[in-house]
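Engineer: This is upload-v3.pdb, which holds PDB, C-alpha atoms and all ligand atoms:
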ATOM      1  CA  MET G   1      13.489  -6.446  15.489
ATOM      2  CA  THR G   2      13.828  -4.966  12.042
ATOM      3  CA  LEU G   3      13.273  -1.383  10.939
ATOM      4  CA  ALA G   4      10.613  -0.642   8.283
ATOM      5  CA  ALA G   5       9.954   2.617   6.421
ATOM      6  CA  ALA G   6       6.566   3.829   5.161
ATOM      7  CA  GLY G   7       6.949   6.319   2.303
ATOM      8  CA  GLN G   8       4.865   9.348   1.439
ATOM      9  CA  PHE G   9       5.080  11.532  -1.669
ATOM     10  CA  CYS G  10       2.947  13.177  -4.329
ATOM     11  CA  ALA G  11       2.880  11.367  -7.688
ATOM     12  CA  THR G  12       1.896  13.353 -10.780
ATOM     13  CA  GLY G  13       1.353  12.281 -14.381
ATOM     14  CA  CYS G  14       5.131  12.499 -14.941
ATOM     15  CA  ILE G  15       6.735   9.073 -14.449
ATOM     16  CA  VAL G  16      10.316  10.437 -14.529
ATOM     17  CA  GLU G  17       9.567  12.863 -11.692
ATOM     18  CA  ASN G  18       7.852  10.148  -9.666
ATOM     19  CA  LEU G  19      10.840   7.843 -10.103
ATOM     20  CA  ALA G  20      13.084  10.657  -8.814
ATOM     21  CA  SER G  21      10.887  11.019  -5.694
ATOM     22  CA  VAL G  22      11.028   7.269  -5.112
ATOM     23  CA  LYS G  23      14.826   7.264  -5.432
ATOM     24  CA  THR G  24      14.943   9.992  -2.771
ATOM     25  CA  LEU G  25      12.857   7.764  -0.494
ATOM     26  CA  ILE G  26      15.080   4.746  -1.206
ATOM     27  CA  HIS G  27      18.158   6.718  -0.093
ATOM     28  CA  LYS G  28      16.416   8.168   2.980
ATOM     29  CA  SER G  29      15.451   4.613   3.979
ATOM     30  CA  VAL G  30      18.974   3.251   3.577
ATOM     31  CA  GLU G  31      20.445   6.173   5.558
ATOM     32  CA  SER G  32      17.932   5.520   8.346
ATOM     33  CA  GLY G  33      18.821   1.841   8.581
ATOM     34  CA  ALA G  34      15.485   0.510   7.290
ATOM     35  CA  LYS G  35      15.536  -2.919   5.629
ATOM     36  CA  VAL G  36      12.244  -2.468   3.723
ATOM     37  CA  LEU G  37      10.633   0.595   2.141
ATOM     38  CA  PHE G  38       6.873   0.517   1.594
ATOM     39  CA  LEU G  39       5.721   2.867  -1.190
ATOM     40  CA  PRO G  40       2.167   4.094  -1.960
ATOM     41  CA  GLU G  41      -0.450   2.848  -4.394
ATOM     42  CA  ALA G  42       0.035   4.179  -7.934
ATOM     43  CA  SER G  43       3.584   5.355  -7.217
ATOM     44  CA  ASP G  44       4.329   5.265 -10.973
ATOM     45  CA  TYR G  45       1.763   7.982 -11.734
ATOM     46  CA  ILE G  46      -1.568   9.578 -10.872
ATOM     47  CA  ALA G  47      -3.214  10.540 -14.146
ATOM     48  CA  ARG G  48      -5.921  13.147 -14.787
ATOM     49  CA  SER G  49      -8.496  10.867 -16.389
ATOM     50  CA  PRO G  50      -9.354   7.169 -16.724
ATOM     51  CA  ALA G  51      -8.193   7.310 -20.373
ATOM     52  CA  GLU G  52      -4.786   8.708 -19.379
ATOM     53  CA  THR G  53      -4.491   6.106 -16.577
ATOM     54  CA  VAL G  54      -4.858   3.324 -19.151
ATOM     55  CA  ALA G  55      -2.661   5.030 -21.771
ATOM     56  CA  LEU G  56       0.325   5.380 -19.409
ATOM     57  CA  ALA G  57       0.231   1.753 -18.194
ATOM     58  CA  LYS G  58       2.964  -0.694 -19.294
ATOM     59  CA  PRO G  59       3.583  -4.404 -18.786
ATOM     60  CA  ILE G  60       5.719  -4.749 -15.644
ATOM     61  CA  ASP G  61       8.884  -5.832 -17.490
ATOM     62  CA  GLN G  62       8.633  -2.812 -19.815
ATOM     63  CA  SER G  63       7.908  -0.216 -17.123
ATOM     64  CA  GLU G  64      10.695   2.397 -16.984
ATOM     65  CA  PHE G  65       9.502   3.137 -13.453
ATOM     66  CA  VAL G  66       9.972  -0.453 -12.242
ATOM     67  CA  ILE G  67      13.255  -0.841 -14.152
ATOM     68  CA  GLY G  68      14.492   2.382 -12.518
ATOM     69  CA  ILE G  69      13.757   1.017  -9.022
ATOM     70  CA  GLN G  70      15.379  -2.327  -9.875
ATOM     71  CA  GLN G  71      18.583  -0.599 -11.024
ATOM     72  CA  GLU G  72      18.664   1.638  -7.954
ATOM     73  CA  LEU G  73      18.337  -1.343  -5.591
ATOM     74  CA  ARG G  74      21.082  -3.284  -7.395
ATOM     75  CA  ASN G  75      23.449  -0.318  -6.984
ATOM     76  CA  LEU G  76      23.006   0.059  -3.222
ATOM     77  CA  ASP G  77      25.809  -0.963  -0.841
ATOM     78  CA  THR G  78      23.291  -1.869   1.878
ATOM     79  CA  PRO G  79      20.447  -4.193   0.848
ATOM     80  CA  LEU G  80      16.928  -2.745   0.765
ATOM     81  CA  GLU G  81      13.689  -4.368  -0.372
ATOM     82  CA  VAL G  82      10.763  -2.399  -1.738
ATOM     83  CA  SER G  83       6.993  -2.814  -1.833
ATOM     84  CA  VAL G  84       5.516  -0.581  -4.544
ATOM     85  CA  GLY G  85       2.091   0.037  -6.080
ATOM     86  CA  ILE G  86       1.879   0.538  -9.855
ATOM     87  CA  HIS G  87      -0.426   0.227 -12.875
ATOM     88  CA  GLU G  88       0.029  -2.802 -15.131
ATOM     89  CA  ALA G  89      -1.107  -2.846 -18.765
ATOM     90  CA  VAL G  90      -3.070  -5.779 -20.147
ATOM     91  CA  GLU G  91      -2.601  -6.556 -23.848
ATOM     92  CA  ASN G  92      -5.672  -5.904 -26.006
ATOM     93  CA  GLU G  93      -7.745  -4.706 -23.055
ATOM     94  CA  ASP G  94      -9.134  -1.239 -22.428
ATOM     95  CA  ARG G  95      -8.459  -1.391 -18.677
ATOM     96  CA  CYS G  96      -5.244  -1.861 -16.686
ATOM     97  CA  LYS G  97      -4.553  -3.542 -13.338
ATOM     98  CA  ASN G  98      -3.798  -1.865 -10.037
ATOM     99  CA  VAL G  99      -1.017  -3.999  -8.581
ATOM    100  CA  LEU G 100       1.404  -4.154  -5.663
ATOM    101  CA  LEU G 101       4.889  -5.568  -6.240
ATOM    102  CA  TRP G 102       7.612  -6.829  -3.945
ATOM    103  CA  ILE G 103      11.078  -6.112  -5.351
ATOM    104  CA  ASN G 104      13.952  -7.811  -3.514
ATOM    105  CA  SER G 105      17.401  -6.333  -2.913
ATOM    106  CA  GLY G 106      18.655  -8.041  -6.085
ATOM    107  CA  GLY G 107      16.059  -6.076  -8.045
ATOM    108  CA  GLU G 108      13.789  -9.046  -8.805
ATOM    109  CA  VAL G 109      10.006  -8.793  -8.685
ATOM    110  CA  THR G 110       9.091 -11.774  -6.505
ATOM    111  CA  GLN G 111       5.468 -11.058  -5.496
ATOM    112  CA  ARG G 112       2.518  -9.434  -7.212
ATOM    113  CA  TYR G 113      -0.985  -8.725  -5.896
ATOM    114  CA  GLN G 114      -3.873  -7.287  -7.935
ATOM    115  CA  LYS G 115      -6.309  -4.963  -6.102
ATOM    116  CA  LEU G 116      -9.563  -6.781  -5.319
ATOM    117  CA  HIS G 117     -11.903  -3.913  -4.386
ATOM    118  CA  LEU G 118     -12.213  -0.935  -6.728
ATOM    119  CA  PHE G 119     -13.026   2.590  -5.537
ATOM    120  CA  ASP G 120     -16.294   3.400  -7.327
ATOM    121  CA  VAL G 121     -17.639   6.111  -5.080
ATOM    122  CA  ASN G 122     -19.756   9.217  -5.519
ATOM    123  CA  LEU G 123     -19.845  11.352  -2.383
ATOM    124  CA  LYS G 124     -22.134  14.328  -2.024
ATOM    125  CA  ASN G 125     -19.922  17.449  -1.927
ATOM    126  CA  GLY G 126     -16.942  15.157  -2.226
ATOM    127  CA  PRO G 127     -14.908  13.193  -4.683
ATOM    128  CA  ILE G 128     -16.437  11.160  -7.502
ATOM    129  CA  LEU G 129     -14.025   8.459  -8.582
ATOM    130  CA  MET G 130     -14.859   5.475 -10.774
ATOM    131  CA  GLU G 131     -11.796   3.266 -10.617
ATOM    132  CA  SER G 132     -13.502   0.434 -12.535
ATOM    133  CA  ARG G 133     -13.549   2.627 -15.656
ATOM    134  CA  SER G 134      -9.800   2.213 -15.978
ATOM    135  CA  VAL G 135      -8.997  -0.820 -13.824
ATOM    136  CA  GLN G 136      -9.930  -4.531 -13.810
ATOM    137  CA  PRO G 137     -10.510  -6.060 -10.359
ATOM    138  CA  GLY G 138      -8.316  -8.901  -9.095
ATOM    139  CA  GLN G 139      -9.875 -12.254  -8.275
ATOM    140  CA  GLU G 140      -7.709 -13.728  -5.531
ATOM    141  CA  VAL G 141      -5.992 -13.153  -2.224
ATOM    142  CA  LEU G 142      -2.191 -13.339  -2.425
ATOM    143  CA  PRO G 143      -1.009 -15.685   0.361
ATOM    144  CA  PRO G 144       1.245 -13.814   2.844
ATOM    145  CA  PHE G 145       4.928 -14.312   2.054
ATOM    146  CA  ASP G 146       8.157 -14.483   4.094
ATOM    147  CA  THR G 147      10.361 -11.393   4.332
ATOM    148  CA  VAL G 148      13.080 -10.006   6.623
ATOM    149  CA  LEU G 149      10.287  -8.346   8.646
ATOM    150  CA  GLY G 150       8.012 -11.398   8.971
ATOM    151  CA  LYS G 151       5.128 -12.687   6.860
ATOM    152  CA  ILE G 152       3.553  -9.877   4.872
ATOM    153  CA  GLY G 153      -0.048  -9.805   3.619
ATOM    154  CA  TYR G 154      -0.782  -7.607   0.606
ATOM    155  CA  ALA G 155      -3.815  -5.343   0.100
ATOM    156  CA  ILE G 156      -4.270  -1.955  -1.592
ATOM    157  CA  CYS G 157      -5.995   1.261  -0.458
ATOM    158  CA  TYR G 158      -9.795   0.751  -0.702
ATOM    159  CA  ASP G 159      -9.278  -2.929   0.279
ATOM    160  CA  ILE G 160      -8.830  -1.550   3.830
ATOM    161  CA  ARG G 161     -12.637  -1.092   4.038
ATOM    162  CA  PHE G 162     -13.210  -4.842   3.616
ATOM    163  CA  PRO G 163     -12.218  -6.439   6.932
ATOM    164  CA  GLU G 164     -12.841  -9.986   5.628
ATOM    165  CA  HIS G 165      -9.790  -9.559   3.379
ATOM    166  CA  SER G 166      -7.576  -8.678   6.352
ATOM    167  CA  LEU G 167      -9.023 -11.518   8.473
ATOM    168  CA  ARG G 168      -8.258 -13.954   5.644
ATOM    169  CA  LEU G 169      -4.667 -12.649   5.442
ATOM    170  CA  ARG G 170      -4.273 -13.197   9.192
ATOM    171  CA  THR G 171      -5.717 -16.725   8.918
ATOM    172  CA  LEU G 172      -3.175 -17.400   6.151
ATOM    173  CA  GLY G 173      -0.352 -16.337   8.484
ATOM    174  CA  ALA G 174       0.251 -12.592   8.074
ATOM    175  CA  ASP G 175       2.281 -10.820  10.808
ATOM    176  CA  ILE G 176       2.116  -7.553   8.887
ATOM    177  CA  ILE G 177      -0.459  -6.169   6.442
ATOM    178  CA  THR G 178       0.292  -3.244   4.163
ATOM    179  CA  TYR G 179      -2.257  -0.864   2.634
ATOM    180  CA  PRO G 180      -0.432   1.386   0.154
ATOM    181  CA  SER G 181      -2.873   4.180  -0.600
ATOM    182  CA  ALA G 182      -3.953   7.342  -2.330
ATOM    183  CA  PHE G 183      -6.836   8.195  -0.001
ATOM    184  CA  THR G 184      -8.980  11.202  -0.797
ATOM    185  CA  VAL G 185      -8.781  14.132   1.618
ATOM    186  CA  ARG G 186     -12.473  13.907   2.496
ATOM    187  CA  THR G 187     -12.483  10.192   3.322
ATOM    188  CA  GLY G 188      -8.975  10.274   4.777
ATOM    189  CA  GLN G 189      -9.890  12.939   7.308
ATOM    190  CA  ALA G 190     -12.861  10.881   8.459
ATOM    191  CA  HIS G 191     -11.562   7.305   8.203
ATOM    192  CA  TRP G 192      -7.836   6.801   7.444
ATOM    193  CA  GLU G 193      -6.436   6.346  10.941
ATOM    194  CA  LEU G 194      -9.646   4.731  12.194
ATOM    195  CA  LEU G 195      -9.529   2.072   9.448
ATOM    196  CA  GLY G 196      -5.808   1.376   9.896
ATOM    197  CA  ARG G 197      -6.074   0.973  13.661
ATOM    198  CA  SER G 198      -9.221  -1.135  13.274
ATOM    199  CA  ARG G 199      -7.536  -3.562  10.882
ATOM    200  CA  ALA G 200      -4.521  -3.778  13.246
ATOM    201  CA  VAL G 201      -6.760  -4.531  16.233
ATOM    202  CA  ASP G 202      -8.993  -6.977  14.277
ATOM    203  CA  THR G 203      -6.085  -8.977  12.933
ATOM    204  CA  GLN G 204      -3.419  -8.415  15.614
ATOM    205  CA  THR G 205      -0.896  -7.593  12.910
ATOM    206  CA  TYR G 206       1.333  -4.614  12.205
ATOM    207  CA  VAL G 207      -0.347  -2.348   9.653
ATOM    208  CA  ILE G 208       1.888  -0.330   7.319
ATOM    209  CA  MET G 209       0.196   2.459   5.375
ATOM    210  CA  PRO G 210       2.343   4.296   2.809
ATOM    211  CA  ALA G 211       0.423   7.183   1.290
ATOM    212  CA  GLN G 212       0.171   9.670  -1.508
ATOM    213  CA  VAL G 213      -0.094  13.288  -0.321
ATOM    214  CA  GLY G 214      -1.115  16.663  -1.752
ATOM    215  CA  ALA G 215      -2.288  17.918  -5.164
ATOM    216  CA  HIS G 216      -1.611  15.574  -8.103
ATOM    217  CA  ASP G 217      -2.260  18.166 -10.812
ATOM    218  CA  PRO G 218      -1.666  21.934 -11.044
ATOM    219  CA  ASP G 219      -5.344  22.837 -10.641
ATOM    220  CA  GLY G 220      -5.490  20.746  -7.463
ATOM    221  CA  LYS G 221      -8.609  18.856  -8.543
ATOM    222  CA  ARG G 222      -7.321  15.630  -7.099
ATOM    223  CA  ARG G 223      -5.645  15.681  -3.694
ATOM    224  CA  SER G 224      -4.574  12.912  -1.362
ATOM    225  CA  TRP G 225      -4.660  12.830   2.400
ATOM    226  CA  GLY G 226      -1.107  11.703   3.260
ATOM    227  CA  HIS G 227      -0.526  10.742   6.907
ATOM    228  CA  ALA G 228       1.548   7.664   6.014
ATOM    229  CA  MET G 229       1.722   5.581   9.180
ATOM    230  CA  ILE G 230       2.845   2.410  10.902
ATOM    231  CA  ILE G 231       0.555   0.834  13.514
ATOM    232  CA  ASP G 232       1.382  -1.994  15.918
ATOM    233  CA  PRO G 233      -0.765  -5.119  16.595
ATOM    234  CA  TRP G 234      -2.287  -3.429  19.672
ATOM    235  CA  GLY G 235      -3.544  -0.539  17.519
ATOM    236  CA  THR G 236      -0.987   2.053  18.596
ATOM    237  CA  VAL G 237       0.261   4.462  15.918
ATOM    238  CA  LEU G 238       4.044   4.055  16.133
ATOM    239  CA  ALA G 239       5.063   6.536  13.437
ATOM    240  CA  GLN G 240       3.386   9.009  11.107
ATOM    241  CA  CYS G 241       4.483  11.427   8.356
ATOM    242  CA  SER G 242       3.588  15.091   8.609
ATOM    243  CA  ASP G 243       1.234  16.319   5.880
ATOM    244  CA  THR G 244       2.182  19.989   5.905
ATOM    245  CA  ASP G 245       3.574  19.794   2.343
ATOM    246  CA  SER G 246       4.156  17.327  -0.513
ATOM    247  CA  VAL G 247       7.867  16.768   0.179
ATOM    248  CA  PRO G 248       8.847  13.057  -0.084
ATOM    249  CA  ARG G 249       9.087  11.663   3.445
ATOM    250  CA  ILE G 250       9.404   8.413   5.342
ATOM    251  CA  CYS G 251       8.334   7.394   8.811
ATOM    252  CA  LEU G 252      10.056   4.533  10.604
ATOM    253  CA  ALA G 253       9.202   1.830  13.113
ATOM    254  CA  ASP G 254      10.704  -1.409  14.370
ATOM    255  CA  ILE G 255       8.728  -4.518  13.528
ATOM    256  CA  ASP G 256       8.964  -6.891  16.487
ATOM    257  CA  LEU G 257       7.460 -10.353  16.006
ATOM    258  CA  GLU G 258       7.549 -10.864  19.799
ATOM    259  CA  VAL G 259       4.905  -8.136  20.068
ATOM    260  CA  VAL G 260       2.737  -9.975  17.531
ATOM    261  CA  LYS G 261       3.094 -13.175  19.566
ATOM    262  CA  LYS G 262       2.342 -11.478  22.894
ATOM    263  CA  VAL G 263      -0.799  -9.670  21.702
ATOM    264  CA  ARG G 264      -2.129 -12.939  20.228
ATOM    265  CA  THR G 265      -1.295 -14.969  23.353
ATOM    266  CA  ASP G 266      -2.881 -12.456  25.721
ATOM    267  CA  MET G 267      -6.051 -12.280  23.612
ATOM    268  CA  PRO G 268      -6.386 -15.469  21.534
ATOM    269  CA  LEU G 269      -8.966 -14.228  19.041
ATOM    270  CA  TRP G 270      -8.166 -16.919  16.476
ATOM    271  CA  GLN G 271      -8.969 -19.684  18.973
ATOM    272  CA  GLN G 272     -12.226 -17.921  19.842
ATOM    273  CA  ARG G 273     -13.519 -17.074  16.339
ATOM    274  CA  ARG G 274     -16.877 -18.395  15.259
ATOM    275  CA  GLY G 275     -17.189 -19.319  11.613
ATOM    276  CA  ILE G 276     -19.085 -21.654   9.374
ATOM    277  CA  ASP G 277     -21.425 -22.796  12.179
ATOM    278  CA  VAL G 278     -22.700 -19.258  12.732
ATOM    279  CA  TYR G 279     -21.980 -17.226   9.604
ATOM    280  CA  GLY G 280     -21.904 -19.877   6.883
ATOM    281  CA  TYR G 281     -18.225 -19.273   6.103
ATOM    282  CA  ASP G 282     -14.818 -19.264   7.775
ATOM    283  CA  VAL G 283     -12.439 -16.327   7.323
TER     284      VAL G 283
HETATM  285  O1  LIG M 301      -6.198   6.347  -9.609
HETATM  286  C1  LIG M 301      -5.089   5.819  -9.612
HETATM  287  O2  LIG M 301      -4.314   5.819 -10.550
HETATM  288  C2  LIG M 301      -4.667   5.138  -8.346
HETATM  289  N1  LIG M 301      -5.770   4.647  -7.597
HETATM  290  C3  LIG M 301      -6.373   5.310  -6.603
HETATM  291  O3  LIG M 301      -6.008   6.401  -6.244
HETATM  292  C4  LIG M 301      -7.521   4.592  -5.936
HETATM  293  C5  LIG M 301      -8.647   4.429  -6.911
HETATM  294  S1  LIG M 301      -9.304   5.937  -7.537
HETATM  295  N2  LIG M 301      -7.931   5.327  -4.752
HETATM  296  C6  LIG M 301      -8.562   4.746  -3.741
HETATM  297  O4  LIG M 301      -8.803   3.532  -3.707
HETATM  298  C7  LIG M 301      -8.972   5.696  -2.611
HETATM  299  C8  LIG M 301      -9.760   5.033  -1.510
HETATM  300  C9  LIG M 301     -10.292   6.043  -0.569
HETATM  301  O5  LIG M 301      -9.995   7.219  -0.602
HETATM  302  C10 LIG M 301     -11.239   5.587   0.479
HETATM  303  O6  LIG M 301     -11.470   4.366   0.647
HETATM  304  O7  LIG M 301     -11.794   6.455   1.163
END
In structure tokens, what does this structure look like?

Structural biologist:
Amino acid sequence: MTLAAAGQFCATGCIVENLASVKTLIHKSVESGAKVLFLPEASDYIARSPAETVALAKPIDQSEFVIGIQQELRNLDTPLEVSVGIHEAVENEDRCKNVLLWINSGGEVTQRYQKLHLFDVNLKNGPILMESRSVQPGQEVLPPFDTVLGKIGYAICYDIRFPEHSLRLRTLGADIITYPSAFTVRTGQAHWELLGRSRAVDTQTYVIMPAQVGAHDPDGKRRSWGHAMIIDPWGTVLAQCSDTDSVPRICLADIDLEVVKKVRTDMPLWQQRRGIDVYGYDV
């Protein structure tokens, strides 16, 4: 059993401030005994417009935000690994990438996933967000990779609405899937917990959902739902952050691979799945 932390904070357009919040979460995690800290989507910044989103993006090796995390991890006495969502600039392109990085305790970036599904949504009386104006979609699933917690499958925010992605990650060996997010308040209220528990039950994996929370700009035009949580492979919410304010917080849960094994043995969904014969494709 190994302890994991899901982080929650409110990123603004100020990268230095956001790095300070992340450092707070790194130290809270170490003090709590967690071995891995999962941070939200777009932890480096939430900008006010698609143009500003693109303008603030940097290549990963030139990002002061990433370099700041790397230095912090190298200076810790107790090893901690970090999963963090950021924007990545693309040379000579007018759109950036929405990516999720794994940074090991030595401060090296060892995994990188690019968000596949972009949030282009126009809700009546609700948010209008056109992520594809500032972001290029990814084209491939990142195979789940080994960590101190088990095999982790990477996805980002809106990807949670596409169950085929999570099923594929499970088929490729995931014990844990993470969905770092900046969910809108409107959709979060209706769907956040429902989607997280559904993906956990569908895939029989732990689901770790770090989240942005609160108002990202002074006029409060863009707000995120919060409720960072960790869900077990049976669909039980093990831990959840309070959303009463935008203070940086973590919630903690033990990841137990015996639980993954037991749920899958008791209900062997992957031996019972139908695929190409019925649907024309295998997940
Ligand atoms: O804009 C940035 O810089 C960071 N990216 C985001 O916040 C993204 C795209 S706008 N948000 C989501 O995917 C929300 C999904 C959601 O709320 C839902 O599926 O209901």

Engineer: What is the distance between CA of Phe119 in chain G and CA of Gly138 in chain G, in Å to one decimal?

Structural biologist: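 Going from CA of Phe119 in chain G over to CA of Gly138 in chain G, I get 12.9 Å.
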
Engineer: For ligand LIG 301 (chain M), which of G:Ile46, G:Met267, G:Leu73, G:Leu149 is the closest residue, counting only C-alpha atoms and all ligand atoms?

Structural biologist: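 The answer is G:Ile46, which sits nearest to ligand LIG 301 (chain M).
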
Engineer: Write out as an MDAnalysis selection string each polymer residue whose atoms come within 12 Å of Ser134 in chain G, counting all atoms listed in the file; drop sequence neighbours fewer than 5 positions from it.

Structural biologist: chainID G and resid 47:57 87:90 93:98 118:120 129

Engineer: Take the PyMOL selection byres (((chain G and resi 2) around 6) and not hetatm), apply it to the structure above, and return the hits as a list in words.

Structural biologist: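 Written out, the selection comes to Met1, Leu3, Leu149, Asp254 and Ile255 of chain G.
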
Engineer: Those residues you just picked out, can you put them in a file as a compact mmCIF listing (two decimals), keeping the file's coordinate frame with C-alpha atoms?

Structural biologist:
# COMPACT_ATOMS: atom_id res chain seq x y z
CA MET G 1 13.49 -6.45 15.49
CA LEU G 3 13.27 -1.38 10.94
CA LEU G 149 10.29 -8.35 8.65
CA ASP G 254 10.70 -1.41 14.37
CA ILE G 255 8.73 -4.52 13.53

Engineer: Produce a table with one row for each residue of chain G that has an atom at most 9 Å from any atom of ligand LIG 301 (chain M), each row naming the nearest atom pair and its distance in Å at one decimal; use only C-alpha atoms and all ligand atoms; arrange rows by chain and rising residue number; format as a tab-separated table.

Structural biologist:
residue	atom	partner	partner_atom	distance
G:Glu41	CA	M:LIG301	C2	6.2
G:Ala42	CA	M:LIG301	C2	4.8
G:Ser43	CA	M:LIG301	C2	8.3
G:Asp44	CA	M:LIG301	O2	8.7
G:Tyr45	CA	M:LIG301	O2	6.6
G:Ile46	CA	M:LIG301	O2	4.7
G:Ala47	CA	M:LIG301	O2	6.0
G:Arg48	CA	M:LIG301	O1	8.6
G:Ser49	CA	M:LIG301	O1	8.5
G:Pro50	CA	M:LIG301	O1	7.8
G:Thr53	CA	M:LIG301	O2	6.0
G:Val54	CA	M:LIG301	O2	9.0
G:Gly85	CA	M:LIG301	C2	8.8
G:Ile86	CA	M:LIG301	C2	8.1
G:His87	CA	M:LIG301	O2	7.2
G:Asn98	CA	M:LIG301	N1	7.2
G:His117	CA	M:LIG301	O4	8.1
G:Leu118	CA	M:LIG301	O4	6.4
G:Phe119	CA	M:LIG301	O4	4.7
G:Asp120	CA	M:LIG301	S1	7.4
G:Val121	CA	M:LIG301	C10	8.5
G:Pro127	CA	M:LIG301	O5	8.7
G:Ile128	CA	M:LIG301	S1	8.8
G:Leu129	CA	M:LIG301	S1	5.5
G:Met130	CA	M:LIG301	S1	6.4
G:Glu131	CA	M:LIG301	S1	4.8
G:Ser132	CA	M:LIG301	C5	8.4
G:Ser134	CA	M:LIG301	O1	8.4
G:Val135	CA	M:LIG301	C5	8.7
G:Ile156	CA	M:LIG301	O4	7.4
G:Cys157	CA	M:LIG301	O4	4.9
G:Tyr158	CA	M:LIG301	O6	4.2
G:Asp159	CA	M:LIG301	O4	7.6
G:Ile160	CA	M:LIG301	O6	7.2
G:Arg161	CA	M:LIG301	O6	6.5
G:Ser181	CA	M:LIG301	C6	6.5
G:Ala182	CA	M:LIG301	O3	4.5
G:Phe183	CA	M:LIG301	O5	3.4
G:Thr184	CA	M:LIG301	O5	4.1
G:Val185	CA	M:LIG301	O5	7.4
G:Arg186	CA	M:LIG301	O7	7.6
G:Thr187	CA	M:LIG301	O7	4.4
G:Gly188	CA	M:LIG301	O7	6.0
G:Ala190	CA	M:LIG301	O7	8.6
G:His191	CA	M:LIG301	O7	7.1
G:Trp192	CA	M:LIG301	O7	7.4
G:Gln212	CA	M:LIG301	O3	8.4
G:Ser224	CA	M:LIG301	O5	7.9
G:Trp225	CA	M:LIG301	O5	8.3

Engineer: Go ahead and dump the residues you just picked, C-alpha atoms, as a short mmCIF file (atom, residue, chain, number, x, y, z; two decimals), in the frame of the given file.

Structural biologist:
data_model
loop_
_atom_site.label_atom_id
_atom_site.label_comp_id
_atom_site.auth_asym_id
_atom_site.auth_seq_id
_atom_site.Cartn_x
_atom_site.Cartn_y
_atom_site.Cartn_z
CA GLU G 41 -0.45 2.85 -4.39
CA ALA G 42 0.04 4.18 -7.93
CA SER G 43 3.58 5.36 -7.22
CA ASP G 44 4.33 5.26 -10.97
CA TYR G 45 1.76 7.98 -11.73
CA ILE G 46 -1.57 9.58 -10.87
CA ALA G 47 -3.21 10.54 -14.15
CA ARG G 48 -5.92 13.15 -14.79
CA SER G 49 -8.50 10.87 -16.39
CA PRO G 50 -9.35 7.17 -16.72
CA THR G 53 -4.49 6.11 -16.58
CA VAL G 54 -4.86 3.32 -19.15
CA GLY G 85 2.09 0.04 -6.08
CA ILE G 86 1.88 0.54 -9.86
CA HIS G 87 -0.43 0.23 -12.88
CA ASN G 98 -3.80 -1.86 -10.04
CA HIS G 117 -11.90 -3.91 -4.39
CA LEU G 118 -12.21 -0.94 -6.73
CA PHE G 119 -13.03 2.59 -5.54
CA ASP G 120 -16.29 3.40 -7.33
CA VAL G 121 -17.64 6.11 -5.08
CA PRO G 127 -14.91 13.19 -4.68
CA ILE G 128 -16.44 11.16 -7.50
CA LEU G 129 -14.02 8.46 -8.58
CA MET G 130 -14.86 5.48 -10.77
CA GLU G 131 -11.80 3.27 -10.62
CA SER G 132 -13.50 0.43 -12.54
CA SER G 134 -9.80 2.21 -15.98
CA VAL G 135 -9.00 -0.82 -13.82
CA ILE G 156 -4.27 -1.96 -1.59
CA CYS G 157 -6.00 1.26 -0.46
CA TYR G 158 -9.80 0.75 -0.70
CA ASP G 159 -9.28 -2.93 0.28
CA ILE G 160 -8.83 -1.55 3.83
CA ARG G 161 -12.64 -1.09 4.04
CA SER G 181 -2.87 4.18 -0.60
CA ALA G 182 -3.95 7.34 -2.33
CA PHE G 183 -6.84 8.20 0.00
CA THR G 184 -8.98 11.20 -0.80
CA VAL G 185 -8.78 14.13 1.62
CA ARG G 186 -12.47 13.91 2.50
CA THR G 187 -12.48 10.19 3.32
CA GLY G 188 -8.98 10.27 4.78
CA ALA G 190 -12.86 10.88 8.46
CA HIS G 191 -11.56 7.30 8.20
CA TRP G 192 -7.84 6.80 7.44
CA GLN G 212 0.17 9.67 -1.51
CA SER G 224 -4.57 12.91 -1.36
CA TRP G 225 -4.66 12.83 2.40
#
